[in-house]
>>> print(open('model_17.txt').read())   # compact mmCIF, C-alpha atoms
# COMPACT_ATOMS: atom_id res chain seq x y z
CA MET A 18 14.28 38.25 -84.95
CA THR A 19 17.44 39.24 -86.84
CA GLY A 20 16.04 41.76 -89.31
CA ILE A 21 16.40 41.70 -93.07
CA ARG A 22 18.08 44.04 -95.55
CA ILE A 23 16.65 44.33 -99.05
CA GLU A 24 18.24 46.29 -101.87
CA ALA A 25 16.65 46.95 -105.25
CA THR A 26 19.06 47.92 -108.04
CA GLY A 27 17.87 49.01 -111.48
CA VAL A 28 14.67 46.96 -111.20
CA ALA A 29 12.31 46.89 -114.18
CA ARG A 30 9.07 44.97 -114.79
CA ARG A 31 7.52 44.66 -118.21
CA TYR A 32 4.24 43.09 -119.31
CA GLY A 33 4.59 42.67 -123.06
CA ARG A 34 5.07 46.17 -124.44
CA LYS A 35 3.97 47.86 -121.22
CA THR A 36 6.61 48.84 -118.69
CA ALA A 37 5.20 49.00 -115.15
CA VAL A 38 8.50 49.66 -113.36
CA ARG A 39 11.64 51.20 -114.83
CA ASP A 40 15.13 51.41 -113.27
CA VAL A 41 13.98 51.44 -109.63
CA SER A 42 16.62 51.43 -106.90
CA PHE A 43 16.24 51.75 -103.13
CA VAL A 44 17.43 50.18 -99.90
CA LEU A 45 15.23 48.84 -97.12
CA GLY A 46 17.53 48.38 -94.15
CA ALA A 47 16.99 45.94 -91.31
CA SER A 48 14.18 47.18 -89.03
CA GLN A 49 13.52 50.24 -91.23
CA ARG A 50 10.03 51.46 -92.03
CA VAL A 51 10.00 52.68 -95.63
CA GLY A 52 7.05 54.19 -97.47
CA ILE A 53 6.49 53.79 -101.22
CA VAL A 54 3.98 56.40 -102.40
CA GLY A 55 2.44 57.42 -105.70
CA GLU A 56 -0.83 57.55 -107.56
CA SER A 57 -2.49 54.56 -109.24
CA GLY A 58 -0.27 53.27 -112.03
CA SER A 59 2.92 54.57 -110.42
CA GLY A 60 4.37 51.06 -110.10
CA LYS A 61 4.38 50.92 -106.31
CA SER A 62 2.22 47.79 -106.03
CA THR A 63 4.32 46.07 -108.69
CA MET A 64 7.39 46.72 -106.53
CA ALA A 65 5.57 45.22 -103.54
CA LYS A 66 4.91 42.05 -105.54
CA ILE A 67 8.54 41.87 -106.68
CA VAL A 68 9.90 42.35 -103.16
CA THR A 69 7.59 39.65 -101.77
CA GLY A 70 8.57 37.25 -104.56
CA LEU A 71 5.11 37.10 -106.09
CA GLU A 72 6.51 38.46 -109.36
CA ARG A 73 9.97 38.42 -110.92
CA ALA A 74 11.78 41.50 -112.14
CA SER A 75 12.32 41.68 -115.90
CA ALA A 76 15.67 43.39 -115.30
CA GLY A 77 17.79 44.52 -112.38
CA THR A 78 18.34 42.74 -109.08
CA ILE A 79 16.80 42.34 -105.65
CA THR A 80 19.30 41.27 -103.01
CA VAL A 81 18.28 39.94 -99.62
CA ASP A 82 21.04 40.17 -97.03
CA ASP A 83 23.44 40.31 -100.01
CA ARG A 84 21.92 37.21 -101.67
CA ASP A 85 20.15 37.38 -105.03
CA LEU A 86 16.39 36.89 -104.57
CA ARG A 87 16.19 34.81 -107.76
CA SER A 88 18.66 32.36 -106.26
CA ILE A 89 16.71 32.19 -103.00
CA MET A 90 13.42 31.56 -104.82
CA SER A 91 14.91 28.84 -107.05
CA THR A 92 14.48 26.13 -104.38
CA ARG A 93 11.43 25.08 -102.37
CA ALA A 94 13.32 25.46 -99.09
CA GLY A 95 14.44 28.94 -100.10
CA ARG A 96 10.90 29.98 -101.07
CA LEU A 97 9.42 28.73 -97.80
CA GLU A 98 12.06 30.46 -95.70
CA TYR A 99 11.68 33.73 -97.62
CA ARG A 100 7.90 33.65 -97.27
CA ARG A 101 8.31 33.16 -93.54
CA ARG A 102 10.66 36.13 -93.34
CA VAL A 103 8.68 38.43 -95.68
CA GLN A 104 4.90 38.62 -95.38
CA LEU A 105 2.35 40.62 -97.38
CA VAL A 106 -0.76 42.40 -96.11
CA ALA A 107 -2.97 43.45 -99.02
CA GLN A 108 -5.91 45.83 -99.22
CA ASP A 109 -8.32 43.13 -100.39
CA THR A 110 -8.84 40.58 -97.61
CA THR A 111 -11.05 38.38 -99.81
CA SER A 112 -7.91 36.71 -101.15
CA THR A 113 -6.56 36.21 -97.62
CA PHE A 114 -9.48 34.35 -96.09
CA ASP A 115 -11.44 31.43 -97.52
CA PRO A 116 -15.13 32.28 -96.94
CA ARG A 117 -15.86 28.57 -96.33
CA HIS A 118 -13.56 28.36 -93.32
CA ARG A 119 -13.32 30.04 -89.96
CA ILE A 120 -10.54 32.59 -89.53
CA ARG A 121 -8.58 30.18 -87.33
CA GLU A 122 -8.03 27.82 -90.27
CA SER A 123 -6.54 30.63 -92.34
CA LEU A 124 -4.12 31.50 -89.52
CA ARG A 125 -3.19 27.88 -88.85
CA THR A 126 -2.00 27.32 -92.42
CA PRO A 127 1.01 29.69 -92.37
CA ALA A 128 1.76 28.80 -88.74
CA GLN A 129 2.05 25.13 -89.72
CA ILE A 130 3.61 25.37 -93.20
CA LEU A 131 5.97 28.30 -92.59
CA GLY A 132 6.26 28.25 -88.82
CA GLY A 133 6.70 24.50 -88.48
CA HIS A 134 4.02 24.13 -85.79
CA ASP A 135 1.64 21.24 -85.25
CA VAL A 136 -2.04 22.09 -84.67
CA ALA A 137 -1.58 22.73 -80.95
CA GLY A 138 1.51 24.84 -81.57
CA ALA A 139 -0.25 26.79 -84.30
CA ASP A 140 -3.19 27.53 -82.00
CA ALA A 141 -0.76 28.67 -79.30
CA ALA A 142 0.98 30.98 -81.80
CA ILE A 143 -2.41 32.35 -82.87
CA GLY A 144 -3.30 33.04 -79.26
CA GLU A 145 0.01 34.82 -78.67
CA ILE A 146 -0.24 37.13 -81.67
CA THR A 147 -3.91 38.03 -81.16
CA THR A 148 -3.20 38.83 -77.50
CA GLU A 149 -0.16 40.91 -78.45
CA LEU A 150 -2.17 42.84 -81.03
CA GLY A 151 -5.09 43.36 -78.66
CA ILE A 152 -7.48 41.47 -80.93
CA ASP A 153 -10.70 39.97 -79.58
CA PRO A 154 -9.89 36.22 -79.36
CA SER A 155 -13.44 35.31 -80.41
CA TRP A 156 -12.79 36.67 -83.90
CA VAL A 157 -10.61 33.71 -84.85
CA ASP A 158 -13.57 31.35 -84.57
CA ARG A 159 -15.81 33.41 -86.83
CA TYR A 160 -16.23 33.26 -90.59
CA PRO A 161 -14.84 36.17 -92.65
CA SER A 162 -18.36 37.34 -93.49
CA GLU A 163 -19.07 37.76 -89.77
CA LEU A 164 -16.35 40.39 -89.35
CA SER A 165 -16.29 44.03 -90.44
CA GLY A 166 -13.73 45.28 -92.95
CA GLY A 167 -11.58 46.72 -90.18
CA GLN A 168 -11.77 43.50 -88.16
CA ARG A 169 -10.81 41.41 -91.19
CA GLN A 170 -7.84 43.67 -91.87
CA ARG A 171 -6.62 43.28 -88.29
CA MET A 172 -6.94 39.51 -88.65
CA SER A 173 -5.06 39.75 -91.95
CA ILE A 174 -2.21 41.45 -90.08
CA ALA A 175 -2.36 38.75 -87.39
CA ARG A 176 -2.14 36.09 -90.12
CA ALA A 177 0.99 37.73 -91.51
CA LEU A 178 2.58 38.19 -88.10
CA VAL A 179 1.81 34.72 -86.72
CA VAL A 180 5.05 33.46 -88.34
CA ARG A 181 7.05 36.37 -86.85
CA PRO A 182 8.39 37.78 -90.15
CA ASP A 183 11.41 40.06 -90.41
CA LEU A 184 9.61 42.29 -92.91
CA LEU A 185 5.95 43.15 -93.42
CA VAL A 186 4.95 44.51 -96.83
CA CYS A 187 1.67 46.44 -96.63
CA ASP A 188 0.10 47.17 -100.02
CA GLU A 189 -2.64 49.78 -99.48
CA ALA A 190 -3.43 47.91 -96.27
CA VAL A 191 -5.42 50.75 -94.66
CA SER A 192 -6.66 52.67 -97.71
CA ALA A 193 -10.20 51.26 -97.65
CA LEU A 194 -10.70 51.75 -93.90
CA ASP A 195 -12.35 54.61 -92.02
CA VAL A 196 -9.87 57.09 -90.55
CA SER A 197 -10.52 55.96 -86.96
CA VAL A 198 -9.97 52.31 -87.92
CA GLN A 199 -6.87 53.31 -89.90
CA GLY A 200 -5.42 54.71 -86.69
CA VAL A 201 -5.99 51.43 -84.84
CA VAL A 202 -4.36 49.37 -87.60
CA LEU A 203 -1.42 51.76 -88.03
CA ASN A 204 -0.72 51.69 -84.31
CA LEU A 205 -0.77 47.88 -84.35
CA LEU A 206 1.83 47.87 -87.12
CA LYS A 207 4.00 50.52 -85.50
CA ARG A 208 3.94 48.84 -82.09
CA TYR A 209 4.86 45.45 -83.54
CA SER A 210 7.72 46.96 -85.53
CA ASN A 211 9.05 48.79 -82.48
CA ASP A 212 8.70 45.80 -80.15
CA HIS A 213 10.28 43.22 -82.46
CA GLY A 214 12.57 45.18 -84.75
CA ALA A 215 10.57 44.13 -87.80
CA GLY A 216 10.95 46.14 -91.00
CA LEU A 217 7.99 47.61 -92.84
CA MET A 218 7.47 48.42 -96.52
CA PHE A 219 4.36 50.59 -96.54
CA VAL A 220 2.89 51.01 -100.02
CA SER A 221 0.20 53.68 -100.17
CA HIS A 222 -1.25 56.69 -101.94
CA GLY A 223 -2.16 58.19 -98.56
CA LEU A 224 0.43 60.65 -97.29
CA PRO A 225 -0.89 61.16 -93.72
CA ALA A 226 -0.79 57.43 -92.95
CA THR A 227 2.63 57.11 -94.57
CA ALA A 228 4.02 60.07 -92.63
CA PHE A 229 2.71 58.58 -89.38
CA ILE A 230 4.32 55.17 -89.72
CA THR A 231 7.48 55.49 -91.85
CA GLY A 232 10.87 57.10 -91.43
CA GLU A 233 12.05 56.86 -95.05
CA LEU A 234 10.10 57.60 -98.21
CA VAL A 235 10.33 56.66 -101.89
CA VAL A 236 8.10 58.59 -104.31
CA MET A 237 7.18 56.84 -107.57
CA ASN A 238 5.58 58.21 -110.73
CA GLN A 239 4.92 56.32 -113.96
CA GLY A 240 7.12 53.43 -112.87
CA GLU A 241 10.12 55.48 -111.80
CA VAL A 242 11.51 56.81 -108.52
CA VAL A 243 11.38 60.61 -108.65
CA GLU A 244 12.42 61.41 -105.09
CA SER A 245 13.51 59.70 -101.88
CA GLY A 246 14.77 60.58 -98.42
CA ARG A 247 13.59 61.04 -94.85
CA THR A 248 9.79 60.98 -94.87
CA LEU A 249 9.07 64.29 -93.19
CA GLU A 250 11.89 66.03 -95.04
CA VAL A 251 10.52 64.88 -98.40
CA LEU A 252 6.93 65.85 -97.55
CA GLU A 253 7.74 69.18 -95.90
CA HIS A 254 10.36 70.24 -98.47
CA PRO A 255 9.59 68.38 -101.72
CA ARG A 256 12.16 68.86 -104.48
CA HIS A 257 10.32 67.20 -107.37
CA PRO A 258 7.18 68.75 -108.93
CA TYR A 259 5.35 65.41 -108.70
CA THR A 260 6.00 65.16 -104.95
CA GLN A 261 4.77 68.74 -104.57
CA LYS A 262 1.65 67.78 -106.50
CA LEU A 263 0.96 64.89 -104.09
CA VAL A 264 1.49 67.13 -101.06
CA ASP A 265 -0.75 69.85 -102.47
CA ALA A 266 -3.47 67.28 -103.14
CA HIS A 267 -3.47 66.30 -99.48
CA LEU A 268 -3.26 69.93 -98.30
CA ALA A 269 -1.40 69.00 -95.11
CA VAL A 270 0.31 66.00 -93.61
CA GLU A 271 -1.43 65.07 -90.37
CA GLU A 272 -1.29 62.03 -88.13
CA PRO A 273 -4.34 59.78 -88.40
CA VAL A 274 -6.71 59.55 -85.49
CA ALA A 275 -5.40 56.90 -83.08
>>> encode(input="model_17.txt", output="structure tokens")
Amino acid sequence: MTGIRIEATGVARRYGRKTAVRDVSFVLGASQRVGIVGESGSGKSTMAKIVTGLERASAGTITVDDRDLRSIMSTRAGRLEYRRRVQLVAQDTTSTFDPRHRIRESLRTPAQILGGHDVAGADAAIGEITTELGIDPSWVDRYPSELSGGQRQRMSIARALVVRPDLLVCDEAVSALDVSVQGVVLNLLKRYSNDHGAGLMFVSHGLPATAFITGELVVMNQGEVVESGRTLEVLEHPRHPYTQKLVDAHLAVEEPVA
């Protein structure tokens, strides 16, 4: 794994007359874990979609290892390679897993299309990642409805990691989970990042989880970046009134239960 460097410069995203993101700039260095926090409507999830290539910026640029993302996404080969290198874990696992198929089928697809494996190779890759993440191997042969929300989210992470991406983008990936389950999932992500040098873009409205897993922080409000810096420095000594408001709302920044 070589890591990946992503830089956003003056990024904007408009939907008709509505501006969701305005003049956003930040750097996500190779192997860095960066948090993007803000309330609903702050534009953080829109930035996650732009970084993963699911949406295009209306203005500004995203560069990937000094290459323009629009150029990369202009060819099928470029899109496939980028989707192997950058994977998304969303809050809603219903879009990740087809209820008609066992979990294994949903993990085989990226392993074959993006990882270049045949069926046997895909199953081997699935076995490797579930073992590494400490996931019960029997889960892969169940249907999504047979797993709890926390179990499905862990399998969603396994699906993203089965292709060994350089960057994992987590969009509210633990927000709907109980605190104890959040701790399990966060530790999975942190351990994988540490072991493989993978970067992490952690999009969340939850400050404790973000403080636990990230080293750098970007605070967004109404589509704009209002503050950024080292995570604990920003949260312990906020300079912007909006950041202070977020901190006050959470009372204290504590590590989740592991």
>>> residues_around(input="model_17.txt", residues="Tyr32 (chain A)", least_positions_apart="5", cutoff="12 Å", atoms="all atoms listed in the file", output="PyMOL selection string")
chain A and resi 37-39+63+72-75
>>> axis_aligned_box(input="model_17.txt", around="region 258-263 of chain A", padding_each_side="5 Å", output="lines of an AutoDock Vina configuration file")
center_x = 4.1
center_y = 66.8
center_z = -106.5
size_x = 16.2
size_y = 13.9
size_z = 14.8
>>> closest_residue(input="model_17.txt", among="A:Met90, A:Ile53, A:Ala29, A:Ala193", to="Thr231 (chain A)", atoms="all atoms listed in the file")
A:Ile53
>>> closest_residue(input="model_17.txt", among="A:Val54, A:Val81, A:Ala137, A:Leu263", to="Tyr99 (chain A)", atoms="only C-alpha atoms")
A:Val81
>>> closest_residue(input="model_17.txt", among="A:Gly151, A:Gly167, A:Gly200, A:Gly20", to="Gln108 (chain A)", atoms="all atoms listed in the file")
A:Gly167
>>> atom_distance(input="model_17.txt", atom1="CA of Asp188 (chain A)", atom2="CA of Val106 (chain A)")
6.2 Å
>>> decode(input="model_17.txt", residues="region 46-88 of chain A", atoms="N, CA and C atoms", output="PDB file, in the first residue's frame")
ATOM      1  N   GLY A  46      -3.327  14.081   3.735  1.00  0.00           N
ATOM      2  CA  GLY A  46      -2.046  13.500   3.370  1.00  0.00           C
ATOM      3  C   GLY A  46      -2.074  11.985   3.389  1.00  0.00           C
ATOM      4  N   ALA A  47      -1.091  11.378   2.752  1.00  0.00           N
ATOM      5  CA  ALA A  47      -0.989   9.918   2.732  1.00  0.00           C
ATOM      6  C   ALA A  47      -0.949   9.392   4.160  1.00  0.00           C
ATOM      7  N   SER A  48      -1.809   8.421   4.457  1.00  0.00           N
ATOM      8  CA  SER A  48      -1.884   7.736   5.751  1.00  0.00           C
ATOM      9  C   SER A  48      -2.441   8.609   6.872  1.00  0.00           C
ATOM     10  N   GLN A  49      -2.907   9.814   6.572  1.00  0.00           N
ATOM     11  CA  GLN A  49      -3.496  10.667   7.598  1.00  0.00           C
ATOM     12  C   GLN A  49      -4.923  10.238   7.912  1.00  0.00           C
ATOM     13  N   ARG A  50      -5.334  10.509   9.150  1.00  0.00           N
ATOM     14  CA  ARG A  50      -6.727  10.318   9.548  1.00  0.00           C
ATOM     15  C   ARG A  50      -7.304  11.704   9.854  1.00  0.00           C
ATOM     16  N   VAL A  51      -8.201  12.142   8.982  1.00  0.00           N
ATOM     17  CA  VAL A  51      -8.754  13.495   9.055  1.00  0.00           C
ATOM     18  C   VAL A  51     -10.248  13.431   9.330  1.00  0.00           C
ATOM     19  N   GLY A  52     -10.706  14.189  10.306  1.00  0.00           N
ATOM     20  CA  GLY A  52     -12.124  14.274  10.609  1.00  0.00           C
ATOM     21  C   GLY A  52     -12.757  15.480   9.944  1.00  0.00           C
ATOM     22  N   ILE A  53     -13.978  15.306   9.437  1.00  0.00           N
ATOM     23  CA  ILE A  53     -14.777  16.413   8.899  1.00  0.00           C
ATOM     24  C   ILE A  53     -16.042  16.459   9.745  1.00  0.00           C
ATOM     25  N   VAL A  54     -16.199  17.498  10.561  1.00  0.00           N
ATOM     26  CA  VAL A  54     -17.336  17.540  11.481  1.00  0.00           C
ATOM     27  C   VAL A  54     -18.206  18.761  11.221  1.00  0.00           C
ATOM     28  N   GLY A  55     -19.462  18.628  11.647  1.00  0.00           N
ATOM     29  CA  GLY A  55     -20.428  19.709  11.505  1.00  0.00           C
ATOM     30  C   GLY A  55     -21.822  19.145  11.684  1.00  0.00           C
ATOM     31  N   GLU A  56     -22.779  20.018  11.856  1.00  0.00           N
ATOM     32  CA  GLU A  56     -24.159  19.592  12.013  1.00  0.00           C
ATOM     33  C   GLU A  56     -24.754  19.209  10.658  1.00  0.00           C
ATOM     34  N   SER A  57     -25.979  18.687  10.680  1.00  0.00           N
ATOM     35  CA  SER A  57     -26.669  18.364   9.430  1.00  0.00           C
ATOM     36  C   SER A  57     -26.778  19.619   8.571  1.00  0.00           C
ATOM     37  N   GLY A  58     -26.495  19.470   7.269  1.00  0.00           N
ATOM     38  CA  GLY A  58     -26.551  20.607   6.373  1.00  0.00           C
ATOM     39  C   GLY A  58     -25.267  21.404   6.295  1.00  0.00           C
ATOM     40  N   SER A  59     -24.219  20.921   6.973  1.00  0.00           N
ATOM     41  CA  SER A  59     -22.947  21.656   6.970  1.00  0.00           C
ATOM     42  C   SER A  59     -22.163  21.455   5.681  1.00  0.00           C
ATOM     43  N   GLY A  60     -22.513  20.422   4.914  1.00  0.00           N
ATOM     44  CA  GLY A  60     -21.807  20.144   3.662  1.00  0.00           C
ATOM     45  C   GLY A  60     -20.783  19.037   3.763  1.00  0.00           C
ATOM     46  N   LYS A  61     -20.658  18.439   4.942  1.00  0.00           N
ATOM     47  CA  LYS A  61     -19.611  17.425   5.133  1.00  0.00           C
ATOM     48  C   LYS A  61     -19.867  16.166   4.315  1.00  0.00           C
ATOM     49  N   SER A  62     -21.114  15.716   4.229  1.00  0.00           N
ATOM     50  CA  SER A  62     -21.409  14.517   3.437  1.00  0.00           C
ATOM     51  C   SER A  62     -21.266  14.787   1.944  1.00  0.00           C
ATOM     52  N   THR A  63     -21.563  16.012   1.529  1.00  0.00           N
ATOM     53  CA  THR A  63     -21.345  16.382   0.127  1.00  0.00           C
ATOM     54  C   THR A  63     -19.866  16.287  -0.214  1.00  0.00           C
ATOM     55  N   MET A  64     -19.003  16.731   0.699  1.00  0.00           N
ATOM     56  CA  MET A  64     -17.561  16.629   0.464  1.00  0.00           C
ATOM     57  C   MET A  64     -17.126  15.173   0.389  1.00  0.00           C
ATOM     58  N   ALA A  65     -17.729  14.311   1.197  1.00  0.00           N
ATOM     59  CA  ALA A  65     -17.398  12.883   1.137  1.00  0.00           C
ATOM     60  C   ALA A  65     -17.735  12.322  -0.239  1.00  0.00           C
ATOM     61  N   LYS A  66     -18.886  12.711  -0.780  1.00  0.00           N
ATOM     62  CA  LYS A  66     -19.290  12.229  -2.105  1.00  0.00           C
ATOM     63  C   LYS A  66     -18.374  12.762  -3.199  1.00  0.00           C
ATOM     64  N   ILE A  67     -17.918  13.996  -3.051  1.00  0.00           N
ATOM     65  CA  ILE A  67     -17.015  14.575  -4.048  1.00  0.00           C
ATOM     66  C   ILE A  67     -15.663  13.878  -4.006  1.00  0.00           C
ATOM     67  N   VAL A  68     -15.146  13.650  -2.807  1.00  0.00           N
ATOM     68  CA  VAL A  68     -13.838  12.995  -2.668  1.00  0.00           C
ATOM     69  C   VAL A  68     -13.872  11.571  -3.201  1.00  0.00           C
ATOM     70  N   THR A  69     -14.985  10.864  -2.998  1.00  0.00           N
ATOM     71  CA  THR A  69     -15.081   9.486  -3.486  1.00  0.00           C
ATOM     72  C   THR A  69     -15.438   9.412  -4.968  1.00  0.00           C
ATOM     73  N   GLY A  70     -15.722  10.546  -5.581  1.00  0.00           N
ATOM     74  CA  GLY A  70     -16.043  10.552  -7.004  1.00  0.00           C
ATOM     75  C   GLY A  70     -17.494  10.267  -7.317  1.00  0.00           C
ATOM     76  N   LEU A  71     -18.339  10.212  -6.289  1.00  0.00           N
ATOM     77  CA  LEU A  71     -19.763   9.967  -6.519  1.00  0.00           C
ATOM     78  C   LEU A  71     -20.464  11.211  -7.044  1.00  0.00           C
ATOM     79  N   GLU A  72     -19.903  12.384  -6.744  1.00  0.00           N
ATOM     80  CA  GLU A  72     -20.419  13.634  -7.277  1.00  0.00           C
ATOM     81  C   GLU A  72     -19.249  14.471  -7.775  1.00  0.00           C
ATOM     82  N   ARG A  73     -19.540  15.387  -8.696  1.00  0.00           N
ATOM     83  CA  ARG A  73     -18.514  16.278  -9.224  1.00  0.00           C
ATOM     84  C   ARG A  73     -18.656  17.662  -8.607  1.00  0.00           C
ATOM     85  N   ALA A  74     -17.538  18.286  -8.341  1.00  0.00           N
ATOM     86  CA  ALA A  74     -17.554  19.654  -7.837  1.00  0.00           C
ATOM     87  C   ALA A  74     -18.049  20.598  -8.927  1.00  0.00           C
ATOM     88  N   SER A  75     -18.819  21.605  -8.519  1.00  0.00           N
ATOM     89  CA  SER A  75     -19.277  22.625  -9.469  1.00  0.00           C
ATOM     90  C   SER A  75     -18.173  23.621  -9.775  1.00  0.00           C
ATOM     91  N   ALA A  76     -17.249  23.774  -8.831  1.00  0.00           N
ATOM     92  CA  ALA A  76     -16.107  24.676  -9.007  1.00  0.00           C
ATOM     93  C   ALA A  76     -14.983  24.182  -8.111  1.00  0.00           C
ATOM     94  N   GLY A  77     -13.770  24.650  -8.389  1.00  0.00           N
ATOM     95  CA  GLY A  77     -12.622  24.220  -7.610  1.00  0.00           C
ATOM     96  C   GLY A  77     -12.061  22.906  -8.122  1.00  0.00           C
ATOM     97  N   THR A  78     -11.043  22.404  -7.445  1.00  0.00           N
ATOM     98  CA  THR A  78     -10.374  21.184  -7.896  1.00  0.00           C
ATOM     99  C   THR A  78     -10.129  20.212  -6.748  1.00  0.00           C
ATOM    100  N   ILE A  79     -10.136  18.938  -7.101  1.00  0.00           N
ATOM    101  CA  ILE A  79      -9.669  17.863  -6.228  1.00  0.00           C
ATOM    102  C   ILE A  79      -8.491  17.225  -6.940  1.00  0.00           C
ATOM    103  N   THR A  80      -7.329  17.228  -6.317  1.00  0.00           N
ATOM    104  CA  THR A  80      -6.173  16.563  -6.910  1.00  0.00           C
ATOM    105  C   THR A  80      -5.830  15.325  -6.099  1.00  0.00           C
ATOM    106  N   VAL A  81      -5.465  14.288  -6.814  1.00  0.00           N
ATOM    107  CA  VAL A  81      -5.122  12.997  -6.217  1.00  0.00           C
ATOM    108  C   VAL A  81      -3.686  12.680  -6.612  1.00  0.00           C
ATOM    109  N   ASP A  82      -2.795  12.727  -5.636  1.00  0.00           N
ATOM    110  CA  ASP A  82      -1.367  12.570  -5.945  1.00  0.00           C
ATOM    111  C   ASP A  82      -0.968  13.503  -7.088  1.00  0.00           C
ATOM    112  N   ASP A  83      -1.440  14.748  -6.994  1.00  0.00           N
ATOM    113  CA  ASP A  83      -1.132  15.821  -7.956  1.00  0.00           C
ATOM    114  C   ASP A  83      -1.793  15.645  -9.325  1.00  0.00           C
ATOM    115  N   ARG A  84      -2.749  14.720  -9.444  1.00  0.00           N
ATOM    116  CA  ARG A  84      -3.523  14.569 -10.677  1.00  0.00           C
ATOM    117  C   ARG A  84      -4.951  15.036 -10.438  1.00  0.00           C
ATOM    118  N   ASP A  85      -5.530  15.707 -11.426  1.00  0.00           N
ATOM    119  CA  ASP A  85      -6.895  16.205 -11.306  1.00  0.00           C
ATOM    120  C   ASP A  85      -7.876  15.031 -11.284  1.00  0.00           C
ATOM    121  N   LEU A  86      -8.754  15.012 -10.277  1.00  0.00           N
ATOM    122  CA  LEU A  86      -9.710  13.913 -10.150  1.00  0.00           C
ATOM    123  C   LEU A  86     -10.623  13.815 -11.368  1.00  0.00           C
ATOM    124  N   ARG A  87     -10.987  14.942 -11.969  1.00  0.00           N
ATOM    125  CA  ARG A  87     -11.852  14.902 -13.155  1.00  0.00           C
ATOM    126  C   ARG A  87     -11.176  14.157 -14.300  1.00  0.00           C
ATOM    127  N   SER A  88      -9.876  14.327 -14.423  1.00  0.00           N
ATOM    128  CA  SER A  88      -9.133  13.617 -15.458  1.00  0.00           C
ATOM    129  C   SER A  88      -9.097  12.121 -15.167  1.00  0.00           C
TER     130      SER A  88
END
